[in-house]
Amino acid sequence: MKSYIIKVFRVLVVFALSDFIFGSDGTGNSSAQTVQPKSAFQLQPLPYEQNALEPYISAKTMSFHYGKHHQAYVDNLNKLVAGIPMADQTLEKIAKETTGVADKIAIFNNAAQAWNHSFFWRSMKPDGGGKPAGRLLQLIEKSFGSYEKFRSDFTDAAVSQFGSGWVWLVQEEDSLRIVKTSNADTSIAHGKNVLLVCDVWEHAYYLDYQNRRKDFVVAFLDHLMNWDFAASQLK
Ligand code: MN3
């Protein structure tokens with residue numbers, strides 16, 4: 001009887017060990033070996049060719065701004081969130097959850113900049129700019145008095161932003177506002193419904209306009225702003 005119990009015990013130990021070593025199906029394909037790799041953030045394709053916004057933004061500026069700066073934010077973020085649950089979240093969710101969190105500044109900066117740039121590319125189009133139509137024009141006239149006043153307020157906001165940052169057109173209820181943010185800060189982290197954005201970091205215009213930020217912003221307003229995209233963002 002005693003030897004029988006030992007035999008059964010041995011069989012059970014071998015069975016348990018084989019399960020431990022080879023996995024529950026006994027083939028060696030344990031579940032731990034089939035975990036899917038975490039999805040990395042990708043640089044989204046531009047909505048147009050790199051030379052499509054010439055002569056207002058050169059292909060050379062786009063090659064650095066999109067190909068180097070934007071790419072670097074995406075690459076840095078992937079390194080910062082590798083192996084943590086944030087790797088599976090959207091950029092918008094990461095920006096909202098890390099804004100103002102002292103030990104998450106690097107994650108916030110890179111996630112917000114990755115999102116801001118994707119939004120900036122879509123805020124422009126070839127042969128854009130000028131006066132919008134329809135509901136957007138009504139909202140602009142209601143909120144600023146006239147399109148011309150909006151154009152001058154937006155220019156003033158962009159020129160007066162001290163150092164690096166962004167100028168946003170946001171919707172609050174049934175009116176529009178111009179909002180400035182510094183460095184990587186993003187209006188989506190503050191719960192705004194954003195319609196358009198202009199990048200006023202020096203890297204956005206320095207190759208084409210050097211220190212003339214105002215000339216860049218006027219070109220953005222008069223020739224590049226994508227009002228169709230802004231209209232699609234209205235609530
Ligand atoms: Mn930029």
# chains A, B, ... in the order shown; residues from 1 in each chain; ligands from 1
call {"tool": "select_by_dssp", "arguments": {"residues": "region 17-168 of chain A", "states": "alpha helix (DSSP H)", "output": "MDAnalysis selection string"}}
result
chainID A and resid 17:22 59:64 71:81 91:98 105:122 134:144 147:160
call {"tool": "closest_atom_pairs", "arguments": {"of": "chain A", "to": "ligand 1", "cutoff": "10 Å", "atoms": "only C-alpha atoms and all ligand atoms", "output": "CSV"}}
result
residue,atom,partner,partner_atom_place_in_ligand_line,distance
A:Met62,CA,ligand 1,1 (Mn),9.8
A:Phe64,CA,ligand 1,1 (Mn),9.5
A:His65,CA,ligand 1,1 (Mn),6.0
A:Tyr66,CA,ligand 1,1 (Mn),7.9
A:Lys68,CA,ligand 1,1 (Mn),9.9
A:His69,CA,ligand 1,1 (Mn),6.7
A:His70,CA,ligand 1,1 (Mn),7.0
A:Tyr73,CA,ligand 1,1 (Mn),9.9
A:Gln113,CA,ligand 1,1 (Mn),7.6
A:Ala114,CA,ligand 1,1 (Mn),9.2
A:Asn116,CA,ligand 1,1 (Mn),8.1
A:His117,CA,ligand 1,1 (Mn),6.2
A:Ser118,CA,ligand 1,1 (Mn),9.9
A:Phe120,CA,ligand 1,1 (Mn),8.4
A:Trp121,CA,ligand 1,1 (Mn),9.9
A:Ser164,CA,ligand 1,1 (Mn),9.0
A:Gly165,CA,ligand 1,1 (Mn),8.6
A:Trp166,CA,ligand 1,1 (Mn),8.8
A:Asn183,CA,ligand 1,1 (Mn),9.5
A:Ala184,CA,ligand 1,1 (Mn),9.2
A:Cys198,CA,ligand 1,1 (Mn),9.1
A:Asp199,CA,ligand 1,1 (Mn),5.6
A:Val200,CA,ligand 1,1 (Mn),7.4
A:Trp201,CA,ligand 1,1 (Mn),5.8
A:Glu202,CA,ligand 1,1 (Mn),7.9
A:His203,CA,ligand 1,1 (Mn),6.1
A:Ala204,CA,ligand 1,1 (Mn),5.3
A:Tyr205,CA,ligand 1,1 (Mn),9.1
call {"tool": "write_last_selection", "arguments": {"atoms": "C-alpha atoms", "output": "PDB file, in the first residue's frame"}}
result
ATOM      1  CA  MET A  62       8.519  69.707 -43.415  1.00  0.00           C
ATOM      2  CA  PHE A  64      12.799  68.344 -40.401  1.00  0.00           C
ATOM      3  CA  HIS A  65       9.568  69.256 -38.612  1.00  0.00           C
ATOM      4  CA  TYR A  66       7.683  66.081 -39.503  1.00  0.00           C
ATOM      5  CA  LYS A  68      12.812  64.637 -37.321  1.00  0.00           C
ATOM      6  CA  HIS A  69      10.929  66.571 -34.614  1.00  0.00           C
ATOM      7  CA  HIS A  70       7.585  64.770 -34.790  1.00  0.00           C
ATOM      8  CA  TYR A  73       8.422  62.722 -29.968  1.00  0.00           C
ATOM      9  CA  GLN A 113       3.735  66.885 -28.739  1.00  0.00           C
ATOM     10  CA  ALA A 114       3.012  63.735 -30.772  1.00  0.00           C
ATOM     11  CA  ASN A 116      -0.309  68.303 -31.213  1.00  0.00           C
ATOM     12  CA  HIS A 117       1.740  67.753 -34.368  1.00  0.00           C
ATOM     13  CA  SER A 118      -0.736  65.271 -35.883  1.00  0.00           C
ATOM     14  CA  PHE A 120      -1.317  70.669 -36.680  1.00  0.00           C
ATOM     15  CA  TRP A 121      -0.732  68.788 -39.978  1.00  0.00           C
ATOM     16  CA  SER A 164       7.692  78.020 -27.741  1.00  0.00           C
ATOM     17  CA  GLY A 165       4.051  77.061 -27.849  1.00  0.00           C
ATOM     18  CA  TRP A 166       0.792  76.678 -29.718  1.00  0.00           C
ATOM     19  CA  ASN A 183       5.852  74.385 -24.851  1.00  0.00           C
ATOM     20  CA  ALA A 184       4.117  70.967 -25.109  1.00  0.00           C
ATOM     21  CA  CYS A 198      -0.808  76.723 -35.210  1.00  0.00           C
ATOM     22  CA  ASP A 199       2.661  75.616 -34.077  1.00  0.00           C
ATOM     23  CA  VAL A 200       4.693  78.674 -33.055  1.00  0.00           C
ATOM     24  CA  TRP A 201       7.851  76.849 -31.950  1.00  0.00           C
ATOM     25  CA  GLU A 202      10.808  78.299 -33.872  1.00  0.00           C
ATOM     26  CA  HIS A 203      11.376  74.934 -35.615  1.00  0.00           C
ATOM     27  CA  ALA A 204       7.998  75.464 -37.346  1.00  0.00           C
ATOM     28  CA  TYR A 205       9.137  78.545 -39.274  1.00  0.00           C
TER      29      TYR A 205
END
call {"tool": "closest_atom_pairs", "arguments": {"of": "region 76-131 of chain A", "to": "region 212-234 of chain A", "cutoff": "9 Å", "atoms": "only C-alpha atoms", "output": "JSON lines"}}
result
{"residue": "A:Arg122", "atom": "CA", "partner": "A:Phe229", "partner_atom": "CA", "distance": 6.9}
{"residue": "A:Ser123", "atom": "CA", "partner": "A:Asn226", "partner_atom": "CA", "distance": 5.1}
{"residue": "A:Met124", "atom": "CA", "partner": "A:Asn226", "partner_atom": "CA", "distance": 4.6}
{"residue": "A:Lys125", "atom": "CA", "partner": "A:Leu224", "partner_atom": "CA", "distance": 5.4}
{"residue": "A:Pro126", "atom": "CA", "partner": "A:Leu224", "partner_atom": "CA", "distance": 6.1}
{"residue": "A:Asp127", "atom": "CA", "partner": "A:His223", "partner_atom": "CA", "distance": 5.7}
{"residue": "A:Gly128", "atom": "CA", "partner": "A:Leu224", "partner_atom": "CA", "distance": 4.2}
{"residue": "A:Gly129", "atom": "CA", "partner": "A:His223", "partner_atom": "CA", "distance": 4.2}
{"residue": "A:Gly130", "atom": "CA", "partner": "A:Asp222", "partner_atom": "CA", "distance": 4.7}
{"residue": "A:Lys131", "atom": "CA", "partner": "A:Asp222", "partner_atom": "CA", "distance": 8.2}
call {"tool": "write_last_selection", "arguments": {"atoms": "N, CA and C atoms", "output": "compact mmCIF listing (two decimals), in the first residue's frame"}}
result
# COMPACT_ATOMS: atom_id res chain seq x y z
N ARG A 122 -3.12 68.36 -39.81
CA ARG A 122 -4.50 68.34 -40.33
C ARG A 122 -5.15 69.72 -40.29
N SER A 123 -4.54 70.65 -39.54
CA SER A 123 -5.06 72.02 -39.46
C SER A 123 -4.69 72.84 -40.70
N MET A 124 -3.90 72.23 -41.59
CA MET A 124 -3.46 72.95 -42.80
C MET A 124 -3.81 72.12 -44.04
N LYS A 125 -3.89 72.82 -45.18
CA LYS A 125 -4.04 72.13 -46.47
C LYS A 125 -3.54 73.07 -47.57
N PRO A 126 -3.15 72.52 -48.72
CA PRO A 126 -2.77 73.40 -49.83
C PRO A 126 -3.97 74.24 -50.24
N ASP A 127 -3.75 75.50 -50.61
CA ASP A 127 -4.83 76.41 -51.02
C ASP A 127 -5.87 76.59 -49.93
N GLY A 128 -5.42 76.58 -48.67
CA GLY A 128 -6.35 76.81 -47.56
C GLY A 128 -6.36 78.29 -47.18
N GLY A 129 -6.78 78.55 -45.96
CA GLY A 129 -6.77 79.91 -45.43
C GLY A 129 -7.90 80.78 -45.93
N GLY A 130 -7.87 82.05 -45.50
CA GLY A 130 -8.91 83.00 -45.88
C GLY A 130 -10.14 82.84 -45.00
N LYS A 131 -11.22 83.42 -45.50
CA LYS A 131 -12.46 83.48 -44.73
C LYS A 131 -13.24 82.18 -44.85
call {"tool": "residues_around", "arguments": {"residues": "Ile105 (chain A)", "least_positions_apart": "3", "cutoff": "12 Å", "atoms": "only C-alpha atoms", "output": "PDB file with N, CA, C and O atoms, in the first residue's frame"}}
result
ATOM      1  N   LEU A  77       8.436  58.755 -26.771  1.00  0.00           N
ATOM      2  CA  LEU A  77       7.285  58.243 -26.023  1.00  0.00           C
ATOM      3  C   LEU A  77       7.328  56.717 -25.962  1.00  0.00           C
ATOM      4  O   LEU A  77       7.089  56.125 -24.905  1.00  0.00           O
ATOM      5  N   LEU A  80       9.630  55.684 -23.327  1.00  0.00           N
ATOM      6  CA  LEU A  80       9.176  56.031 -21.972  1.00  0.00           C
ATOM      7  C   LEU A  80       8.058  55.118 -21.464  1.00  0.00           C
ATOM      8  O   LEU A  80       7.956  54.894 -20.258  1.00  0.00           O
ATOM      9  N   ILE A  94      -3.341  59.642 -22.547  1.00  0.00           N
ATOM     10  CA  ILE A  94      -2.072  59.815 -21.829  1.00  0.00           C
ATOM     11  C   ILE A  94      -1.871  61.286 -21.473  1.00  0.00           C
ATOM     12  O   ILE A  94      -1.516  61.620 -20.333  1.00  0.00           O
ATOM     13  N   ALA A  95      -2.121  62.184 -22.444  1.00  0.00           N
ATOM     14  CA  ALA A  95      -1.925  63.620 -22.187  1.00  0.00           C
ATOM     15  C   ALA A  95      -2.838  64.096 -21.065  1.00  0.00           C
ATOM     16  O   ALA A  95      -2.415  64.853 -20.181  1.00  0.00           O
ATOM     17  N   LYS A  96      -4.095  63.647 -21.079  1.00  0.00           N
ATOM     18  CA  LYS A  96      -5.040  64.074 -20.039  1.00  0.00           C
ATOM     19  C   LYS A  96      -4.638  63.551 -18.668  1.00  0.00           C
ATOM     20  O   LYS A  96      -4.785  64.240 -17.662  1.00  0.00           O
ATOM     21  N   GLU A  97      -4.126  62.325 -18.615  1.00  0.00           N
ATOM     22  CA  GLU A  97      -3.820  61.705 -17.316  1.00  0.00           C
ATOM     23  C   GLU A  97      -2.465  62.119 -16.747  1.00  0.00           C
ATOM     24  O   GLU A  97      -2.229  61.957 -15.562  1.00  0.00           O
ATOM     25  N   THR A  98      -1.574  62.633 -17.596  1.00  0.00           N
ATOM     26  CA  THR A  98      -0.232  62.966 -17.084  1.00  0.00           C
ATOM     27  C   THR A  98      -0.003  64.472 -16.963  1.00  0.00           C
ATOM     28  O   THR A  98       1.040  64.890 -16.462  1.00  0.00           O
ATOM     29  N   THR A  99      -0.979  65.278 -17.404  1.00  0.00           N
ATOM     30  CA  THR A  99      -0.767  66.723 -17.327  1.00  0.00           C
ATOM     31  C   THR A  99      -0.651  67.170 -15.865  1.00  0.00           C
ATOM     32  O   THR A  99      -1.459  66.776 -15.017  1.00  0.00           O
ATOM     33  N   GLY A 100       0.412  67.905 -15.575  1.00  0.00           N
ATOM     34  CA  GLY A 100       0.620  68.400 -14.218  1.00  0.00           C
ATOM     35  C   GLY A 100       1.119  67.369 -13.225  1.00  0.00           C
ATOM     36  O   GLY A 100       1.237  67.665 -12.038  1.00  0.00           O
ATOM     37  N   VAL A 101       1.415  66.146 -13.680  1.00  0.00           N
ATOM     38  CA  VAL A 101       1.913  65.099 -12.762  1.00  0.00           C
ATOM     39  C   VAL A 101       3.440  65.161 -12.755  1.00  0.00           C
ATOM     40  O   VAL A 101       4.083  64.935 -13.791  1.00  0.00           O
ATOM     41  N   ALA A 102       4.001  65.483 -11.599  1.00  0.00           N
ATOM     42  CA  ALA A 102       5.432  65.808 -11.503  1.00  0.00           C
ATOM     43  C   ALA A 102       6.351  64.721 -12.076  1.00  0.00           C
ATOM     44  O   ALA A 102       7.299  65.032 -12.793  1.00  0.00           O
ATOM     45  N   PHE A 108       4.256  63.181 -20.526  1.00  0.00           N
ATOM     46  CA  PHE A 108       3.298  64.194 -20.980  1.00  0.00           C
ATOM     47  C   PHE A 108       3.853  64.966 -22.177  1.00  0.00           C
ATOM     48  O   PHE A 108       3.170  65.123 -23.190  1.00  0.00           O
ATOM     49  N   ASN A 109       5.082  65.474 -22.042  1.00  0.00           N
ATOM     50  CA  ASN A 109       5.660  66.307 -23.110  1.00  0.00           C
ATOM     51  C   ASN A 109       5.675  65.580 -24.448  1.00  0.00           C
ATOM     52  O   ASN A 109       5.291  66.142 -25.476  1.00  0.00           O
ATOM     53  N   ASN A 110       6.102  64.331 -24.452  1.00  0.00           N
ATOM     54  CA  ASN A 110       6.236  63.603 -25.714  1.00  0.00           C
ATOM     55  C   ASN A 110       4.886  63.140 -26.267  1.00  0.00           C
ATOM     56  O   ASN A 110       4.661  63.205 -27.476  1.00  0.00           O
ATOM     57  N   ALA A 111       3.960  62.727 -25.381  1.00  0.00           N
ATOM     58  CA  ALA A 111       2.621  62.323 -25.847  1.00  0.00           C
ATOM     59  C   ALA A 111       1.869  63.542 -26.381  1.00  0.00           C
ATOM     60  O   ALA A 111       1.245  63.486 -27.444  1.00  0.00           O
ATOM     61  N   ALA A 112       1.934  64.659 -25.647  1.00  0.00           N
ATOM     62  CA  ALA A 112       1.225  65.868 -26.069  1.00  0.00           C
ATOM     63  C   ALA A 112       1.804  66.388 -27.383  1.00  0.00           C
ATOM     64  O   ALA A 112       1.055  66.750 -28.298  1.00  0.00           O
ATOM     65  N   GLN A 113       3.125  66.398 -27.499  1.00  0.00           N
ATOM     66  CA  GLN A 113       3.735  66.885 -28.739  1.00  0.00           C
ATOM     67  C   GLN A 113       3.413  65.967 -29.916  1.00  0.00           C
ATOM     68  O   GLN A 113       3.200  66.443 -31.038  1.00  0.00           O
ATOM     69  N   ASN A 183       5.074  75.611 -24.658  1.00  0.00           N
ATOM     70  CA  ASN A 183       5.852  74.385 -24.851  1.00  0.00           C
ATOM     71  C   ASN A 183       4.968  73.242 -25.357  1.00  0.00           C
ATOM     72  O   ASN A 183       4.348  73.377 -26.396  1.00  0.00           O
ATOM     73  N   ALA A 184       4.912  72.104 -24.625  1.00  0.00           N
ATOM     74  CA  ALA A 184       4.117  70.967 -25.109  1.00  0.00           C
ATOM     75  C   ALA A 184       2.661  71.047 -24.689  1.00  0.00           C
ATOM     76  O   ALA A 184       1.852  70.231 -25.129  1.00  0.00           O
ATOM     77  N   ASP A 185       2.324  71.989 -23.838  1.00  0.00           N
ATOM     78  CA  ASP A 185       0.964  72.019 -23.282  1.00  0.00           C
ATOM     79  C   ASP A 185      -0.070  72.021 -24.409  1.00  0.00           C
ATOM     80  O   ASP A 185       0.135  72.624 -25.462  1.00  0.00           O
TER      81      ASP A 185
END
call {"tool": "residues_around", "arguments": {"residues": "Leu169 (chain A)", "least_positions_apart": "3", "cutoff": "8 Å", "atoms": "only C-alpha atoms", "output": "mmCIF file with N, CA, C and O atoms, in the first residue's frame"}}
result
data_model
loop_
_atom_site.group_PDB
_atom_site.id
_atom_site.type_symbol
_atom_site.label_atom_id
_atom_site.label_comp_id
_atom_site.auth_asym_id
_atom_site.auth_seq_id
_atom_site.Cartn_x
_atom_site.Cartn_y
_atom_site.Cartn_z
ATOM 1 N N LEU A 176 -16.523 80.683 -29.985
ATOM 2 C CA LEU A 176 -15.149 80.274 -30.269
ATOM 3 C C LEU A 176 -14.188 81.164 -29.486
ATOM 4 O O LEU A 176 -14.484 82.336 -29.215
ATOM 5 N N ARG A 177 -13.029 80.610 -29.134
ATOM 6 C CA ARG A 177 -12.012 81.375 -28.409
ATOM 7 C C ARG A 177 -10.644 81.038 -28.966
ATOM 8 O O ARG A 177 -10.402 79.930 -29.461
ATOM 9 N N ILE A 178 -9.719 81.990 -28.849
ATOM 10 C CA ILE A 178 -8.314 81.751 -29.187
ATOM 11 C C ILE A 178 -7.580 81.516 -27.882
ATOM 12 O O ILE A 178 -7.724 82.293 -26.929
ATOM 13 N N VAL A 179 -6.826 80.423 -27.821
ATOM 14 C CA VAL A 179 -6.128 80.028 -26.593
ATOM 15 C C VAL A 179 -4.661 79.786 -26.922
ATOM 16 O O VAL A 179 -4.351 79.183 -27.954
ATOM 17 N N VAL A 194 -11.077 71.319 -29.552
ATOM 18 C CA VAL A 194 -10.159 72.084 -30.408
ATOM 19 C C VAL A 194 -10.566 71.970 -31.866
ATOM 20 O O VAL A 194 -10.970 70.905 -32.336
ATOM 21 N N LEU A 195 -10.475 73.096 -32.574
ATOM 22 C CA LEU A 195 -10.847 73.132 -33.996
ATOM 23 C C LEU A 195 -9.625 73.194 -34.897
ATOM 24 O O LEU A 195 -9.577 72.547 -35.941
ATOM 25 N N LEU A 196 -8.638 74.020 -34.499
ATOM 26 C CA LEU A 196 -7.422 74.221 -35.303
ATOM 27 C C LEU A 196 -6.280 74.577 -34.375
ATOM 28 O O LEU A 196 -6.509 75.089 -33.280
ATOM 29 N N VAL A 197 -5.043 74.365 -34.841
ATOM 30 C CA VAL A 197 -3.887 74.813 -34.059
ATOM 31 C C VAL A 197 -2.774 75.282 -34.989
ATOM 32 O O VAL A 197 -2.647 74.788 -36.113
#
call {"tool": "atom_distance", "arguments": {"atom1": "CA of Asp208 (chain A)", "atom2": "CA of Ile57 (chain A)"}}
result
6.8 Å
call {"tool": "select_by_dssp", "arguments": {"residues": "region 152-190 of chain A", "states": "strand (DSSP E or B)", "output": "number ranges by chain"}}
result
A: 165-172, 175-182
call {"tool": "write_last_selection", "arguments": {"atoms": "all heavy atoms", "output": "compact mmCIF listing (two decimals), in the first residue's frame"}}
result
# COMPACT_ATOMS: atom_id res chain seq x y z
N GLY A 165 5.43 77.38 -28.23
CA GLY A 165 4.05 77.06 -27.85
C GLY A 165 3.14 76.89 -29.04
O GLY A 165 3.59 76.70 -30.17
N TRP A 166 1.85 76.97 -28.74
CA TRP A 166 0.79 76.68 -29.72
C TRP A 166 -0.33 77.70 -29.58
O TRP A 166 -0.61 78.16 -28.46
CB TRP A 166 0.22 75.28 -29.46
CG TRP A 166 1.23 74.19 -29.54
CD1 TRP A 166 2.08 73.76 -28.55
CD2 TRP A 166 1.53 73.37 -30.68
NE1 TRP A 166 2.87 72.74 -29.01
CE2 TRP A 166 2.55 72.48 -30.31
CE3 TRP A 166 1.02 73.31 -31.98
CZ2 TRP A 166 3.09 71.54 -31.20
CZ3 TRP A 166 1.54 72.37 -32.86
CH2 TRP A 166 2.57 71.49 -32.46
N VAL A 167 -0.98 78.04 -30.69
CA VAL A 167 -2.17 78.90 -30.66
C VAL A 167 -3.33 78.09 -31.21
O VAL A 167 -3.26 77.55 -32.32
CB VAL A 167 -1.95 80.19 -31.47
CG1 VAL A 167 -3.20 81.07 -31.40
CG2 VAL A 167 -0.75 80.95 -30.93
N TRP A 168 -4.40 78.03 -30.43
CA TRP A 168 -5.54 77.15 -30.74
C TRP A 168 -6.79 77.97 -31.01
O TRP A 168 -7.01 79.02 -30.37
CB TRP A 168 -5.86 76.25 -29.54
CG TRP A 168 -4.70 75.47 -29.02
CD1 TRP A 168 -3.72 75.91 -28.16
CD2 TRP A 168 -4.39 74.10 -29.29
NE1 TRP A 168 -2.83 74.89 -27.90
CE2 TRP A 168 -3.21 73.78 -28.57
CE3 TRP A 168 -5.00 73.11 -30.07
CZ2 TRP A 168 -2.63 72.50 -28.61
CZ3 TRP A 168 -4.43 71.85 -30.11
CH2 TRP A 168 -3.25 71.56 -29.39
N LEU A 169 -7.63 77.46 -31.89
CA LEU A 169 -9.01 77.93 -32.00
C LEU A 169 -9.86 76.84 -31.34
O LEU A 169 -9.82 75.68 -31.79
CB LEU A 169 -9.41 78.14 -33.46
CG LEU A 169 -10.84 78.66 -33.66
CD1 LEU A 169 -11.04 80.04 -33.04
CD2 LEU A 169 -11.19 78.71 -35.16
N VAL A 170 -10.56 77.21 -30.26
CA VAL A 170 -11.34 76.21 -29.53
C VAL A 170 -12.81 76.63 -29.49
O VAL A 170 -13.14 77.82 -29.61
CB VAL A 170 -10.81 75.99 -28.08
CG1 VAL A 170 -9.33 75.65 -28.10
CG2 VAL A 170 -11.09 77.20 -27.20
N GLN A 171 -13.66 75.62 -29.31
CA GLN A 171 -15.10 75.87 -29.21
C GLN A 171 -15.53 75.67 -27.76
O GLN A 171 -15.20 74.66 -27.14
CB GLN A 171 -15.86 74.88 -30.11
CG GLN A 171 -17.37 75.06 -30.06
CD GLN A 171 -18.11 73.99 -30.84
OE1 GLN A 171 -17.55 72.94 -31.18
NE2 GLN A 171 -19.38 74.25 -31.12
N GLU A 172 -16.23 76.68 -27.24
CA GLU A 172 -16.82 76.56 -25.89
C GLU A 172 -18.31 76.84 -26.04
O GLU A 172 -18.70 77.97 -26.33
CB GLU A 172 -16.19 77.58 -24.94
CG GLU A 172 -14.77 77.21 -24.54
CD GLU A 172 -14.13 78.24 -23.62
OE1 GLU A 172 -14.74 79.30 -23.39
OE2 GLU A 172 -13.03 77.97 -23.14
N SER A 175 -19.65 79.38 -28.73
CA SER A 175 -18.76 80.46 -29.14
C SER A 175 -17.34 79.92 -29.30
O SER A 175 -17.01 78.82 -28.83
CB SER A 175 -18.79 81.61 -28.12
OG SER A 175 -18.21 81.21 -26.92
N LEU A 176 -16.52 80.68 -29.99
CA LEU A 176 -15.15 80.27 -30.27
C LEU A 176 -14.19 81.16 -29.49
O LEU A 176 -14.48 82.34 -29.21
CB LEU A 176 -14.85 80.39 -31.77
CG LEU A 176 -15.80 79.65 -32.71
CD1 LEU A 176 -15.32 79.78 -34.15
CD2 LEU A 176 -15.93 78.18 -32.33
N ARG A 177 -13.03 80.61 -29.13
CA ARG A 177 -12.01 81.37 -28.41
C ARG A 177 -10.64 81.04 -28.97
O ARG A 177 -10.40 79.93 -29.46
CB ARG A 177 -12.02 81.02 -26.92
CG ARG A 177 -12.97 81.84 -26.08
CD ARG A 177 -12.78 81.50 -24.61
NE ARG A 177 -11.42 81.78 -24.14
CZ ARG A 177 -10.83 81.14 -23.14
NH1 ARG A 177 -11.43 80.17 -22.51
NH2 ARG A 177 -9.60 81.47 -22.78
N ILE A 178 -9.72 81.99 -28.85
CA ILE A 178 -8.31 81.75 -29.19
C ILE A 178 -7.58 81.52 -27.88
O ILE A 178 -7.72 82.29 -26.93
CB ILE A 178 -7.73 82.97 -29.94
CG1 ILE A 178 -8.42 83.12 -31.31
CG2 ILE A 178 -6.22 82.80 -30.12
CD1 ILE A 178 -8.21 84.47 -31.95
N VAL A 179 -6.83 80.42 -27.82
CA VAL A 179 -6.13 80.03 -26.59
C VAL A 179 -4.66 79.79 -26.92
O VAL A 179 -4.35 79.18 -27.95
CB VAL A 179 -6.75 78.73 -26.01
CG1 VAL A 179 -5.95 78.21 -24.84
CG2 VAL A 179 -8.21 78.96 -25.60
N LYS A 180 -3.77 80.26 -26.04
CA LYS A 180 -2.33 79.99 -26.21
C LYS A 180 -1.90 78.95 -25.17
O LYS A 180 -2.37 78.98 -24.04
CB LYS A 180 -1.51 81.26 -25.95
CG LYS A 180 -1.82 82.41 -26.87
CD LYS A 180 -0.79 83.52 -26.73
CE LYS A 180 -1.05 84.40 -25.52
NZ LYS A 180 -0.14 85.57 -25.48
N THR A 181 -0.99 78.04 -25.57
CA THR A 181 -0.37 77.14 -24.59
C THR A 181 1.14 77.18 -24.80
O THR A 181 1.61 77.43 -25.91
CB THR A 181 -0.87 75.68 -24.72
OG1 THR A 181 -0.58 75.18 -26.03
CG2 THR A 181 -2.36 75.57 -24.44
N SER A 182 1.88 76.95 -23.71
CA SER A 182 3.34 77.00 -23.76
C SER A 182 3.96 75.63 -23.96
O SER A 182 3.43 74.63 -23.46
CB SER A 182 3.90 77.57 -22.45
OG SER A 182 3.56 78.93 -22.34
call {"tool": "residues_around", "arguments": {"residues": "Phe41 (chain A)", "least_positions_apart": "6", "cutoff": "8 Å", "atoms": "only C-alpha atoms", "output": "ChimeraX atom specification"}}
result
/A:74-75,77-78,87
